[in-house]
Amino acid sequence: MTNMNNTATNMANAQQNLPPVFIGLPMWQHSHWPNSWFASFPKAQSQLIHYANECNTVEGNTTFYSLPDADAVARWADSVPSHFSFTFKFNQQITHVNRLQHCEDQIRQQLSLLAPLKHKLGVMMVQLPASFGPDKLSVLDTFLSLIPSSIYVAVEVRHLQFFAKSDAEKAFNQLLIKHKANRIIMDTRALFTGPITSEIVREVRGKKPKVPVNVIATGQKPVVRFVGNDNEADNTACLRPWVSKIHQWRIEGKSPYFFCHRPDNKDAPWLASLFINLYNEAYPDYSLPTLSMTKNPLQDNLF
């Protein structure tokens with residue numbers, strides 16, 4: 001009996017001590033969610049309040065296009081619980097216009113603007129264009145050296161040489177390790193599986209990159225951007241390997257971020273729910289909080 005009690009205690013301690021998994025969507029509000037995901041929730045001043053009680057992170061794309069005002073940042077900070085972790089992209093003026101060069105003032109401006117989030121700012125994401133190749137690694141090196149050590153950074157590249165398991169990819173990964181930066185892993189395999197089932201799937205396939213999925217954690221907060229399709233069987237098959245990888249990273253002391261996309265992101269919450277359910281089936285002793293939703297309605301009858 002003593003041994004059994006000790007085993008139970010050790011398992012409980014292991015579960016308690018594992019780093020969290022941050023699971024989120026590419027937005028915290030959608031015009032359809034008040035009638036579906038949030039339909040039974042009490043009224044709130046913003047969808048962010050409901051969202052942050054369901055997911056513990058969000059992929060903040062808005063800062064890529066324009067920076068918010070200080071009042072908006074303050075509202076965001078006040079709308080989420082202490083454990084919530086925002087991720088935001090560096091503005092396109094930094095990553096796509098200036099190509100990471102001569103942008104010290106812009107970096108300081110954006111980080112200063114987001115500073116009121118304090119510990120709720122989890123990761124700053126650097127999304128680079130496909131034209132940013134291996135010959136620009138020294139530029140990335142200089143850029144990363146400008147980021148305060150208190151800020152976690154994740155970098156997404158799209159140049160194919162960074163996926164070729166070559167010297168260029170090795171140099172890129174080593175550079176990230178040097179700066180304790182995370183490599184963003186884009187997984188679009190589910191999106192490109194099977195036939196085109198709708199015009200929106202066709203459109204999204206034309207926009208999303210179809211790059212190899214080279215899985216590596218170069219920092220403490222590996223980031224996965226998973227893009228599913230509208231077939232649950234395809235999504236399930238492509239999610240299962242991530243269940244074991246996410247758990248492995250947790251065992252290694254890392255705090256992974258897993259973002260769920262669908263062709264129409266009004267459906268993204270159900271993809272996140274599917275991932276959580278698969279994880280909890282595989283690791284019931286380390287289960288994650290489930291989302292408050294019913295089974296995903298059929299596409300044609302969703303609203």
# chains A, B, ... in the order shown; residues from 1 in each chain; ligands from 1
call {"tool": "residues_around", "arguments": {"residues": "region 104-114 of chain A", "least_positions_apart": "3", "cutoff": "7 Å", "atoms": "only C-alpha atoms", "output": "count of residues only"}}
result
4
call {"tool": "select_by_dssp", "arguments": {"residues": "region 38-284 of chain A", "states": "helix (DSSP H, G or I)", "output": "PyMOL selection string"}}
result
chain A and resi 47-52+62-65+70-79+92-97+104-120+134-145+160-163+167-178+199-207+232-251+265-282+284
call {"tool": "residues_around", "arguments": {"residues": "Val224 (chain A)", "least_positions_apart": "4", "cutoff": "10 Å", "atoms": "only C-alpha atoms", "output": "list of chain:residue names"}}
result
A:Ile23, A:Arg183, A:Ile184, A:Ile185, A:Met186, A:Asp187, A:Val213, A:Val215, A:Trp242, A:Ile246, A:Pro256, A:Tyr257, A:Phe258, A:Phe259, A:Cys260
call {"tool": "residues_around", "arguments": {"residues": "Asn280 (chain A)", "least_positions_apart": "2", "cutoff": "12 Å", "atoms": "only C-alpha atoms", "output": "list in words"}}
result
Arg240, Val243, Ser244, Ile246, His247, Ser273, Leu274, Phe275, Ile276, Asn277, Leu278, Ala282, Tyr283, Pro284, Asp285, Tyr286, Ser287, Leu288, Pro289 and Thr290 of chain A
call {"tool": "select_by_dssp", "arguments": {"residues": "region 90-161 of chain A", "states": "strand (DSSP E)", "output": "MDAnalysis selection string"}}
result
chainID A and resid 121:127 153:156
call {"tool": "closest_residue", "arguments": {"among": "A:Gly122, A:Pro42, A:Pro263, A:Pro116", "to": "Lys207 (chain A)", "atoms": "only C-alpha atoms"}}
result
A:Pro263
call {"tool": "closest_residue", "arguments": {"among": "A:Lys254, A:Arg158, A:His119, A:Arg189", "to": "Val227 (chain A)", "atoms": "only C-alpha atoms"}}
result
A:Arg189
call {"tool": "residues_around", "arguments": {"residues": "Ile196 (chain A)", "least_positions_apart": "6", "cutoff": "10 Å", "atoms": "only C-alpha atoms", "output": "PyMOL selection string"}}
result
chain A and resi 202-203+205+229-230
call {"tool": "atom_distance", "arguments": {"atom1": "CA of Ala52 (chain A)", "atom2": "CA of His261 (chain A)"}}
result
17.2 Å
call {"tool": "residues_around", "arguments": {"residues": "Leu100 (chain A)", "least_positions_apart": "6", "cutoff": "10 Å", "atoms": "only C-alpha atoms", "output": "ChimeraX atom specification"}}
result
/A:90,92-94,107,126,128,136,139-144
call {"tool": "residues_around", "arguments": {"residues": "Gly206 (chain A)", "least_positions_apart": "5", "cutoff": "12 Å", "atoms": "only C-alpha atoms", "output": "number ranges by chain"}}
result
A: 188, 191-192, 196, 199-201, 263
call {"tool": "write_last_selection", "arguments": {"atoms": "N, CA, C and O atoms", "output": "JSON list (two decimals), in the first residue's frame"}}
result
[["chain", "number", "residue", "atom", "x", "y", "z"],
["A", 188, "THR", "N", 1.51, 22.42, -42.43],
["A", 188, "THR", "CA", 0.33, 22.54, -43.29],
["A", 188, "THR", "C", -0.02, 21.21, -43.96],
["A", 188, "THR", "O", -0.76, 21.18, -44.94],
["A", 191, "LEU", "N", -3.74, 20.54, -44.20],
["A", 191, "LEU", "CA", -4.39, 21.43, -45.16],
["A", 191, "LEU", "C", -4.27, 20.90, -46.58],
["A", 191, "LEU", "O", -5.22, 20.97, -47.36],
["A", 192, "PHE", "N", -3.10, 20.36, -46.93],
["A", 192, "PHE", "CA", -2.85, 19.91, -48.30],
["A", 192, "PHE", "C", -3.17, 18.42, -48.49],
["A", 192, "PHE", "O", -2.82, 17.85, -49.52],
["A", 196, "ILE", "N", -9.67, 19.17, -52.82],
["A", 196, "ILE", "CA", -10.17, 20.49, -52.47],
["A", 196, "ILE", "C", -11.68, 20.39, -52.29],
["A", 196, "ILE", "O", -12.41, 20.04, -53.21],
["A", 199, "GLU", "N", -14.24, 26.33, -51.95],
["A", 199, "GLU", "CA", -13.48, 27.45, -52.49],
["A", 199, "GLU", "C", -12.54, 28.04, -51.45],
["A", 199, "GLU", "O", -11.44, 28.50, -51.77],
["A", 200, "ILE", "N", -12.96, 28.03, -50.19],
["A", 200, "ILE", "CA", -12.10, 28.60, -49.16],
["A", 200, "ILE", "C", -10.87, 27.73, -48.95],
["A", 200, "ILE", "O", -9.77, 28.23, -48.70],
["A", 201, "VAL", "N", -11.02, 26.40, -49.07],
["A", 201, "VAL", "CA", -9.85, 25.51, -48.98],
["A", 201, "VAL", "C", -8.91, 25.80, -50.14],
["A", 201, "VAL", "O", -7.68, 25.86, -49.97],
["A", 263, "PRO", "N", -9.17, 26.34, -42.50],
["A", 263, "PRO", "CA", -9.37, 27.17, -43.69],
["A", 263, "PRO", "C", -10.26, 28.38, -43.40],
["A", 263, "PRO", "O", -9.97, 29.49, -43.82]]
call {"tool": "closest_residue", "arguments": {"among": "A:Ile251, A:Val97, A:Val223, A:Val204", "to": "Val155 (chain A)", "atoms": "only C-alpha atoms"}}
result
A:Val223
call {"tool": "closest_residue", "arguments": {"among": "A:Cys103, A:Leu160, A:Asn173, A:Leu291", "to": "Pro212 (chain A)", "atoms": "only C-alpha atoms"}}
result
A:Leu160
call {"tool": "atom_distance", "arguments": {"atom1": "CA of Pro134 (chain A)", "atom2": "CA of Lys170 (chain A)"}}
result
10.4 Å
call {"tool": "atom_distance", "arguments": {"atom1": "CA of His96 (chain A)", "atom2": "CA of Val157 (chain A)"}}
result
12.0 Å
